[in-house]
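Single-structure report; data block below.
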Amino acid sequence: MTSRGRILTTFAHKQPDRCVTYIWINKDTMEQLVKYLGVSSAEEAERVLGIDKWKGIGLNIRYPGEYRKKINSLIPTQYRNNPEFYLTDEGRVVRIHQGSDYLEDAVWYPLQQVEKVEDLDVYPFPQEEWIEVPEGSAEEIRHCKEEGYIVSGGVAQPFKSAWLVRGMHNVLMDYLVNADLINEMYERIYSFSTAYCEKLVEAGVDMIQITGDLGMQDRLIMSPEIWREFDKERLKKMIAKLKGINPALKLYMHTDGNVQDIVEDLIEVGIDILNPIQPECMDPVKIKKKYGDRLVLHGAVSLQKTLPFGSPEDVKAEVRYLIENCNMDGGFVLGPSNVLFKEIPPENIEAMYEAVY
């Protein structure tokens with residue numbers, strides 16, 4: 001099988017020639033892995049490890065000139081031109097942590113003080129007309145498919161988009177005491193996200209990815225009832241539009257944590273693939289037994305225990321267990337249950353993929 005054929009077979013819940021694989025790894029860790037394997041590039045490392053072929057693409061967002069001016073006008077004076085802070089694209093002010101690649105400490109959100117729906121207009125929410133499809137995108141996607149890749153693009157989880165401009169604590173309170181405000185924010189966010197994804201589907205991607213966490217280690221961040229009230233029907237409507245353009249399109253959702261309470265809902269609204277199935281939060285084998293004929297499991301190798309702290313043989317044993325119990329009739333893509341970080345021994349990363357063969 002080609003890599004593309006193998007992945008599509010798995011997505012169709014049919015048995016591939018071997019378990020499909022993917023890698024999610026940060027730059028420093030990949031550089032460490034390249035050196036360990038004695039190869040010259042990340043692409044060569046993936047070939048050596050036999051990782052299947054995935055390609056992500058994005059569209060351009062051409063912000064109008066007044067966008068940054070409007071964002072800057074909202075920023076409190078103590079954060080302006082202060083080298084201890086930087087401004088994100090969406091307008092958060094984040095404290096810089098020297099020597100850390102991971103920590104972000106947002107000290108200010110552009111909509112954190114807003115209380116009324118009409119006050120949302122102080123923030124320049126992205127508009128559909130700002131989306132620009134790079135020239136030649138459709139041809140690039142077609143070429144990638146011919147080369148054996150599965151091609152994807154996507155957007156942030158709307159809940160994430162909301163708290164990035166409002167603050168998570170505010171959004172969670174809005175659900176309970178300011179429903180009109182969060183409903184209007186969601187209308188604006190979903191409208192843009194849908195338009196962005198429609199252009200990706202029209203360009204020919206195989207898969208749309210929705211990324212951002214809904215879960216904590218033991219449960220959802222919000223109650224299942226709240227998620228159903230504010231997100232479910234909007235997400236269902238968005239997915240229906242996208243699959244109306246291409247019925248073969250696959251919808252992938254990334255959310256860390258335990259989201260078992262809404263897995264049935266996610267399937268109902270049209271999610272085909274769920275990542276990363278953290279084994280410390282949800283048992284991949286139980287999820288496979290309950291939903292495996294309707295949902296593709298994507299990830300599942302322990303990033304909290306086995307990969308950082310186990311031996312290569314421990315890693316191989318976990319991979320074999322997952323393949324034996326989750327790779328029946330396809331529907332399973334094996335990889336780390338989050339991004340591989342540099343503290344993970346490269347021999348354990350190698351072992352994860354060696355075990356597949």
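Scheme for the structure tokens: letters A, B, ... for chains in order shown; per-chain residue numbers from 1; ligand numbers from 1 in order shown.
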_If we count only C-alpha atoms and set the cut-off at 8 Å, which residues sit around stretch 340-343 of chain A, ignoring sequence neighbours fewer than 4 positions away in its own chain? Please answer as number ranges by chain._
A: 24-26, 28-29, 32, 303, 308, 336
Keeping N, CA and C atoms, export the residues of the selection given above as a compact mmCIF listing (two decimals), in the first residue's frame.
```
# COMPACT_ATOMS: atom_id res chain seq x y z
N TRP A 24 4.23 13.89 15.95
CA TRP A 24 3.98 15.27 16.40
C TRP A 24 5.15 15.62 17.30
N ILE A 25 6.00 16.52 16.84
CA ILE A 25 7.29 16.72 17.49
C ILE A 25 7.70 18.18 17.34
N ASN A 26 8.30 18.75 18.38
CA ASN A 26 8.75 20.14 18.26
C ASN A 26 10.14 20.20 17.61
N ASP A 28 13.17 21.40 18.47
CA ASP A 28 14.36 20.97 19.21
C ASP A 28 14.44 19.45 19.29
N THR A 29 13.31 18.82 19.51
CA THR A 29 13.30 17.36 19.64
C THR A 29 13.60 16.70 18.30
N GLN A 32 17.27 16.83 17.70
CA GLN A 32 17.91 15.80 18.53
C GLN A 32 17.73 14.43 17.90
N LEU A 303 2.43 9.86 26.69
CA LEU A 303 3.44 10.90 26.77
C LEU A 303 3.69 11.34 28.20
N PRO A 308 8.47 9.25 28.10
CA PRO A 308 9.55 9.95 28.81
C PRO A 308 10.28 9.09 29.84
N PRO A 336 2.31 9.66 19.29
CA PRO A 336 2.36 10.17 20.66
C PRO A 336 1.05 10.87 21.03
```
_Exercise: A:Glu135 partners within 12 Å, only C-alpha atoms, chain neighbours under 3 positions left out, as a list in words_ = Leu59, Asn60, Glu132, Ala138, Glu139, Glu140, Ile141 and Ala203 of chain A
Expected file contents, prior selection, N, CA and C atoms, as a PDB file, in the first residue's frame:
```
ATOM      1  N   LEU A  59      -3.999  28.947   4.814  1.00  0.00           N
ATOM      2  CA  LEU A  59      -4.341  30.079   3.967  1.00  0.00           C
ATOM      3  C   LEU A  59      -3.785  31.355   4.591  1.00  0.00           C
ATOM      4  N   ASN A  60      -3.692  32.390   3.810  1.00  0.00           N
ATOM      5  CA  ASN A  60      -3.217  33.668   4.328  1.00  0.00           C
ATOM      6  C   ASN A  60      -4.386  34.474   4.892  1.00  0.00           C
ATOM      7  N   GLU A 132      -7.230  34.853   2.249  1.00  0.00           N
ATOM      8  CA  GLU A 132      -6.623  34.850   0.916  1.00  0.00           C
ATOM      9  C   GLU A 132      -6.073  33.454   0.625  1.00  0.00           C
ATOM     10  N   ALA A 138      -4.494  24.876  -5.008  1.00  0.00           N
ATOM     11  CA  ALA A 138      -5.159  23.661  -5.478  1.00  0.00           C
ATOM     12  C   ALA A 138      -4.175  22.748  -6.195  1.00  0.00           C
ATOM     13  N   GLU A 139      -3.282  23.341  -6.980  1.00  0.00           N
ATOM     14  CA  GLU A 139      -2.278  22.547  -7.684  1.00  0.00           C
ATOM     15  C   GLU A 139      -1.295  21.916  -6.694  1.00  0.00           C
ATOM     16  N   GLU A 140      -0.911  22.675  -5.682  1.00  0.00           N
ATOM     17  CA  GLU A 140      -0.011  22.143  -4.660  1.00  0.00           C
ATOM     18  C   GLU A 140      -0.640  20.961  -3.932  1.00  0.00           C
ATOM     19  N   ILE A 141      -1.912  21.092  -3.590  1.00  0.00           N
ATOM     20  CA  ILE A 141      -2.611  20.008  -2.899  1.00  0.00           C
ATOM     21  C   ILE A 141      -2.706  18.778  -3.789  1.00  0.00           C
ATOM     22  N   ALA A 203     -10.282  24.068  -2.055  1.00  0.00           N
ATOM     23  CA  ALA A 203      -8.937  23.910  -2.626  1.00  0.00           C
ATOM     24  C   ALA A 203      -8.535  22.443  -2.726  1.00  0.00           C
TER      25      ALA A 203
END
```
Using only C-alpha atoms, what table do you get, as a tab-separated table, when you list each residue of stretch 192-260 of chain A with an atom no more than 12 Å from stretch 114-126 of chain A, its nearest pair of atoms, and their distance in Å rounded to one decimal, rows by chain then rising number?
```
residue	atom	partner	partner_atom	distance
A:Phe192	CA	A:Pro126	CA	6.6
A:Ser193	CA	A:Pro126	CA	9.3
A:Thr194	CA	A:Pro126	CA	11.9
A:Ala195	CA	A:Pro126	CA	10.7
A:Tyr196	CA	A:Pro126	CA	10.3
```
*Mind the document's chain letters and residue numbers, and return as number ranges by chain the residues of stretch 75-228 of chain A that DSSP labels strand (DSSP E or B).*
A: 85-87, 93-95, 105-108, 131-132, 150-156, 207-211, 215, 220
Atoms kept (C-alpha atoms) for selection, written as a JSON list (two decimals), in the first residue's frame:
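File out-v2.json, as written:
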```json
[["chain", "number", "residue", "atom", "x", "y", "z"],
["A", 85, "PHE", "CA", 6.01, 41.41, 27.27],
["A", 86, "TYR", "CA", 5.01, 40.65, 23.71],
["A", 87, "LEU", "CA", 1.77, 40.98, 21.80],
["A", 93, "VAL", "CA", -0.23, 40.55, 26.18],
["A", 94, "VAL", "CA", 2.08, 37.73, 27.25],
["A", 95, "ARG", "CA", 4.94, 37.82, 29.73],
["A", 105, "ASP", "CA", 1.74, 33.85, 30.96],
["A", 106, "ALA", "CA", -0.98, 36.07, 29.53],
["A", 107, "VAL", "CA", -1.47, 39.17, 31.66],
["A", 108, "TRP", "CA", -4.11, 40.89, 29.56],
["A", 131, "ILE", "CA", -8.94, 35.25, 3.87],
["A", 132, "GLU", "CA", -6.62, 34.85, 0.92],
["A", 150, "ILE", "CA", -2.94, 13.12, 3.10],
["A", 151, "VAL", "CA", -3.43, 16.89, 3.05],
["A", 152, "SER", "CA", -5.11, 18.83, 5.84],
["A", 153, "GLY", "CA", -5.74, 22.34, 7.11],
["A", 154, "GLY", "CA", -7.86, 23.75, 9.85],
["A", 155, "VAL", "CA", -8.81, 26.17, 12.59],
["A", 156, "ALA", "CA", -8.67, 26.56, 16.33],
["A", 207, "MET", "CA", -9.13, 16.61, 6.14],
["A", 208, "ILE", "CA", -10.15, 19.58, 8.27],
["A", 209, "GLN", "CA", -8.57, 19.81, 11.72],
["A", 210, "ILE", "CA", -10.18, 21.53, 14.70],
["A", 211, "THR", "CA", -7.59, 21.95, 17.45],
["A", 215, "GLY", "CA", -10.82, 18.42, 28.48],
["A", 220, "LEU", "CA", -14.41, 18.35, 30.49]]
```
_Counting only C-alpha atoms, which residue out of A:Gly330, A:Pro76, A:Pro312, A:Pro110 sits closest to A:Thr88?_
A:Pro110
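With atom CA of A:Asn327 on one side and atom CA of A:Arg18 on the other, the separation reads 8.7 Å.
As for atom CA of A:Val20 and atom CA of A:Lys160, they are spaced 28.8 Å apart.
Residues surrounding A:Asp261 within 12 Å are Leu214, Gly215, Asp218, Arg219, Leu220, Ile221, Met222, Ser223, Pro224, Glu225, Ile226, Trp227, Arg228, Gly257, Asn258, Glu264, Asp265, Leu266, Ile267, Met282 and Ile287 of chain A [only C-alpha atoms; sequence separation below 3 positions excluded].
For the residues A:Ile182, A:Asn170, A:Leu249, A:Asn275, ranking by smallest atom-to-atom distance to A:Glu202 using only C-alpha atoms places A:Leu249 first.
Computed from the coordinates, the atom CA of A:Ser302 to atom CA of A:Lys286 distance equals 15.5 Å.
Between A:Tyr291 and the candidates A:Val319, A:Lys14, A:Phe332, A:Met352, the tightest atom-to-atom separation, counting only C-alpha atoms, involves A:Phe332.
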Residues within 9 Å of A:Gln304, only C-alpha atoms, excluding chain neighbours under 5 positions, as a CSV table (one decimal) with C-alpha atoms, in the first residue's frame:
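Output file out_13.csv is given in full below:
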```csv
chain,number,residue,atom,x,y,z
A,278,GLN,CA,-4.4,10.3,26.2
A,279,PRO,CA,-4.3,6.9,27.9
A,280,GLU,CA,-4.0,8.5,31.3
A,309,PHE,CA,10.2,7.4,31.6
A,337,SER,CA,-0.5,11.4,22.8
```
*Step one, run DSSP on the backbone; step two, keep only residues of stretch 73-271 of chain A assigned to helix (DSSP H, G or I); then write them as a PyMOL selection string.*
chain A and resi 73-74+77-79+117-122+128-130+137-146+158-166+168-177+179-203+224-245+260-269
Got time to write the residues from that selection, C-alpha atoms, as an mmCIF file, in the first residue's frame?
```cif
data_model
loop_
_atom_site.group_PDB
_atom_site.id
_atom_site.type_symbol
_atom_site.label_atom_id
_atom_site.label_comp_id
_atom_site.auth_asym_id
_atom_site.auth_seq_id
_atom_site.Cartn_x
_atom_site.Cartn_y
_atom_site.Cartn_z
ATOM 1 C CA SER A 73 -5.360 51.190 21.075
ATOM 2 C CA LEU A 74 -6.790 48.660 23.525
ATOM 3 C CA THR A 77 0.002 51.759 28.696
ATOM 4 C CA GLN A 78 2.142 49.717 31.110
ATOM 5 C CA TYR A 79 2.506 46.958 28.491
ATOM 6 C CA VAL A 117 -22.764 42.515 23.376
ATOM 7 C CA GLU A 118 -22.442 45.941 21.746
ATOM 8 C CA ASP A 119 -19.033 46.388 23.363
ATOM 9 C CA LEU A 120 -17.621 43.483 21.334
ATOM 10 C CA ASP A 121 -17.204 45.887 18.438
ATOM 11 C CA VAL A 122 -14.118 47.370 20.110
ATOM 12 C CA GLU A 128 -14.177 36.377 5.694
ATOM 13 C CA GLU A 129 -12.871 38.932 3.191
ATOM 14 C CA TRP A 130 -9.495 38.872 4.944
ATOM 15 C CA SER A 137 -2.886 26.106 -3.658
ATOM 16 C CA ALA A 138 -5.159 23.661 -5.478
ATOM 17 C CA GLU A 139 -2.278 22.547 -7.684
ATOM 18 C CA GLU A 140 -0.011 22.143 -4.660
ATOM 19 C CA ILE A 141 -2.611 20.008 -2.899
ATOM 20 C CA ARG A 142 -3.138 17.872 -5.993
ATOM 21 C CA HIS A 143 0.625 17.336 -6.296
ATOM 22 C CA CYS A 144 0.924 16.353 -2.623
ATOM 23 C CA LYS A 145 -1.814 13.773 -3.086
ATOM 24 C CA GLU A 146 -0.001 12.350 -6.112
ATOM 25 C CA PRO A 158 -13.955 27.981 18.847
ATOM 26 C CA PHE A 159 -13.786 27.722 22.649
ATOM 27 C CA LYS A 160 -10.048 28.337 22.386
ATOM 28 C CA SER A 161 -10.526 31.256 19.999
ATOM 29 C CA ALA A 162 -12.958 32.780 22.500
ATOM 30 C CA TRP A 163 -10.756 32.511 25.569
ATOM 31 C CA LEU A 164 -7.669 33.721 23.711
ATOM 32 C CA VAL A 165 -9.333 37.126 23.369
ATOM 33 C CA ARG A 166 -11.530 37.105 26.493
ATOM 34 C CA MET A 168 -10.683 31.459 29.968
ATOM 35 C CA HIS A 169 -12.102 32.382 33.368
ATOM 36 C CA ASN A 170 -14.292 35.037 31.735
ATOM 37 C CA VAL A 171 -15.605 32.651 29.073
ATOM 38 C CA LEU A 172 -16.448 30.022 31.661
ATOM 39 C CA MET A 173 -18.344 32.640 33.657
ATOM 40 C CA ASP A 174 -20.049 33.934 30.516
ATOM 41 C CA TYR A 175 -21.605 30.510 29.977
ATOM 42 C CA LEU A 176 -23.438 30.945 33.281
ATOM 43 C CA VAL A 177 -24.102 34.662 33.662
ATOM 44 C CA ALA A 179 -25.018 33.950 27.641
ATOM 45 C CA ASP A 180 -25.855 36.734 25.170
ATOM 46 C CA LEU A 181 -22.216 37.813 25.093
ATOM 47 C CA ILE A 182 -20.709 34.372 24.534
ATOM 48 C CA ASN A 183 -23.384 33.535 21.963
ATOM 49 C CA GLU A 184 -22.481 36.632 19.937
ATOM 50 C CA MET A 185 -18.753 35.883 20.251
ATOM 51 C CA TYR A 186 -19.380 32.348 19.023
ATOM 52 C CA GLU A 187 -21.429 33.589 16.081
ATOM 53 C CA ARG A 188 -18.500 35.739 14.947
ATOM 54 C CA ILE A 189 -15.898 33.047 15.574
ATOM 55 C CA TYR A 190 -17.851 30.229 13.917
ATOM 56 C CA SER A 191 -18.677 32.436 10.933
ATOM 57 C CA PHE A 192 -15.016 33.118 10.218
ATOM 58 C CA SER A 193 -13.902 29.535 10.970
ATOM 59 C CA THR A 194 -16.525 28.130 8.622
ATOM 60 C CA ALA A 195 -15.512 30.477 5.813
ATOM 61 C CA TYR A 196 -11.821 29.654 6.300
ATOM 62 C CA CYS A 197 -12.488 25.909 6.213
ATOM 63 C CA GLU A 198 -14.799 26.195 3.197
ATOM 64 C CA LYS A 199 -11.952 27.689 1.190
ATOM 65 C CA LEU A 200 -9.643 24.868 2.296
ATOM 66 C CA VAL A 201 -12.170 22.240 1.223
ATOM 67 C CA GLU A 202 -12.712 23.972 -2.103
ATOM 68 C CA ALA A 203 -8.937 23.910 -2.626
ATOM 69 C CA PRO A 224 -21.334 18.460 28.927
ATOM 70 C CA GLU A 225 -24.628 20.355 29.073
ATOM 71 C CA ILE A 226 -22.881 23.703 28.584
ATOM 72 C CA TRP A 227 -20.871 22.373 25.626
ATOM 73 C CA ARG A 228 -24.048 21.039 24.048
ATOM 74 C CA GLU A 229 -25.871 24.330 24.590
ATOM 75 C CA PHE A 230 -23.244 26.626 23.116
ATOM 76 C CA ASP A 231 -21.108 24.538 20.756
ATOM 77 C CA LYS A 232 -22.825 21.415 19.519
ATOM 78 C CA GLU A 233 -25.338 22.773 17.022
ATOM 79 C CA ARG A 234 -22.898 25.375 15.693
ATOM 80 C CA LEU A 235 -20.266 22.692 15.136
ATOM 81 C CA LYS A 236 -22.818 20.404 13.483
ATOM 82 C CA LYS A 237 -23.886 23.189 11.131
ATOM 83 C CA MET A 238 -20.279 24.013 10.220
ATOM 84 C CA ILE A 239 -19.381 20.388 9.492
ATOM 85 C CA ALA A 240 -22.532 19.888 7.424
ATOM 86 C CA LYS A 241 -21.537 22.835 5.221
ATOM 87 C CA LEU A 242 -18.044 21.455 4.730
ATOM 88 C CA LYS A 243 -19.178 17.919 3.948
ATOM 89 C CA GLY A 244 -21.759 19.414 1.612
ATOM 90 C CA ILE A 245 -18.840 20.633 -0.500
ATOM 91 C CA GLN A 260 -15.688 10.755 27.148
ATOM 92 C CA ASP A 261 -18.887 12.567 28.128
ATOM 93 C CA ILE A 262 -19.245 14.063 24.647
ATOM 94 C CA VAL A 263 -17.658 11.440 22.366
ATOM 95 C CA GLU A 264 -21.095 10.306 21.203
ATOM 96 C CA ASP A 265 -21.989 13.950 20.518
ATOM 97 C CA LEU A 266 -18.798 14.480 18.514
ATOM 98 C CA ILE A 267 -19.610 11.496 16.326
ATOM 99 C CA GLU A 268 -23.171 12.748 15.915
ATOM 100 C CA VAL A 269 -22.070 16.178 14.635
#
```
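Using only C-alpha atoms, the nearest neighbour of A:Ile23 within the list A:Glu147, A:Pro345, A:Tyr36, A:Asp52 is A:Asp52.
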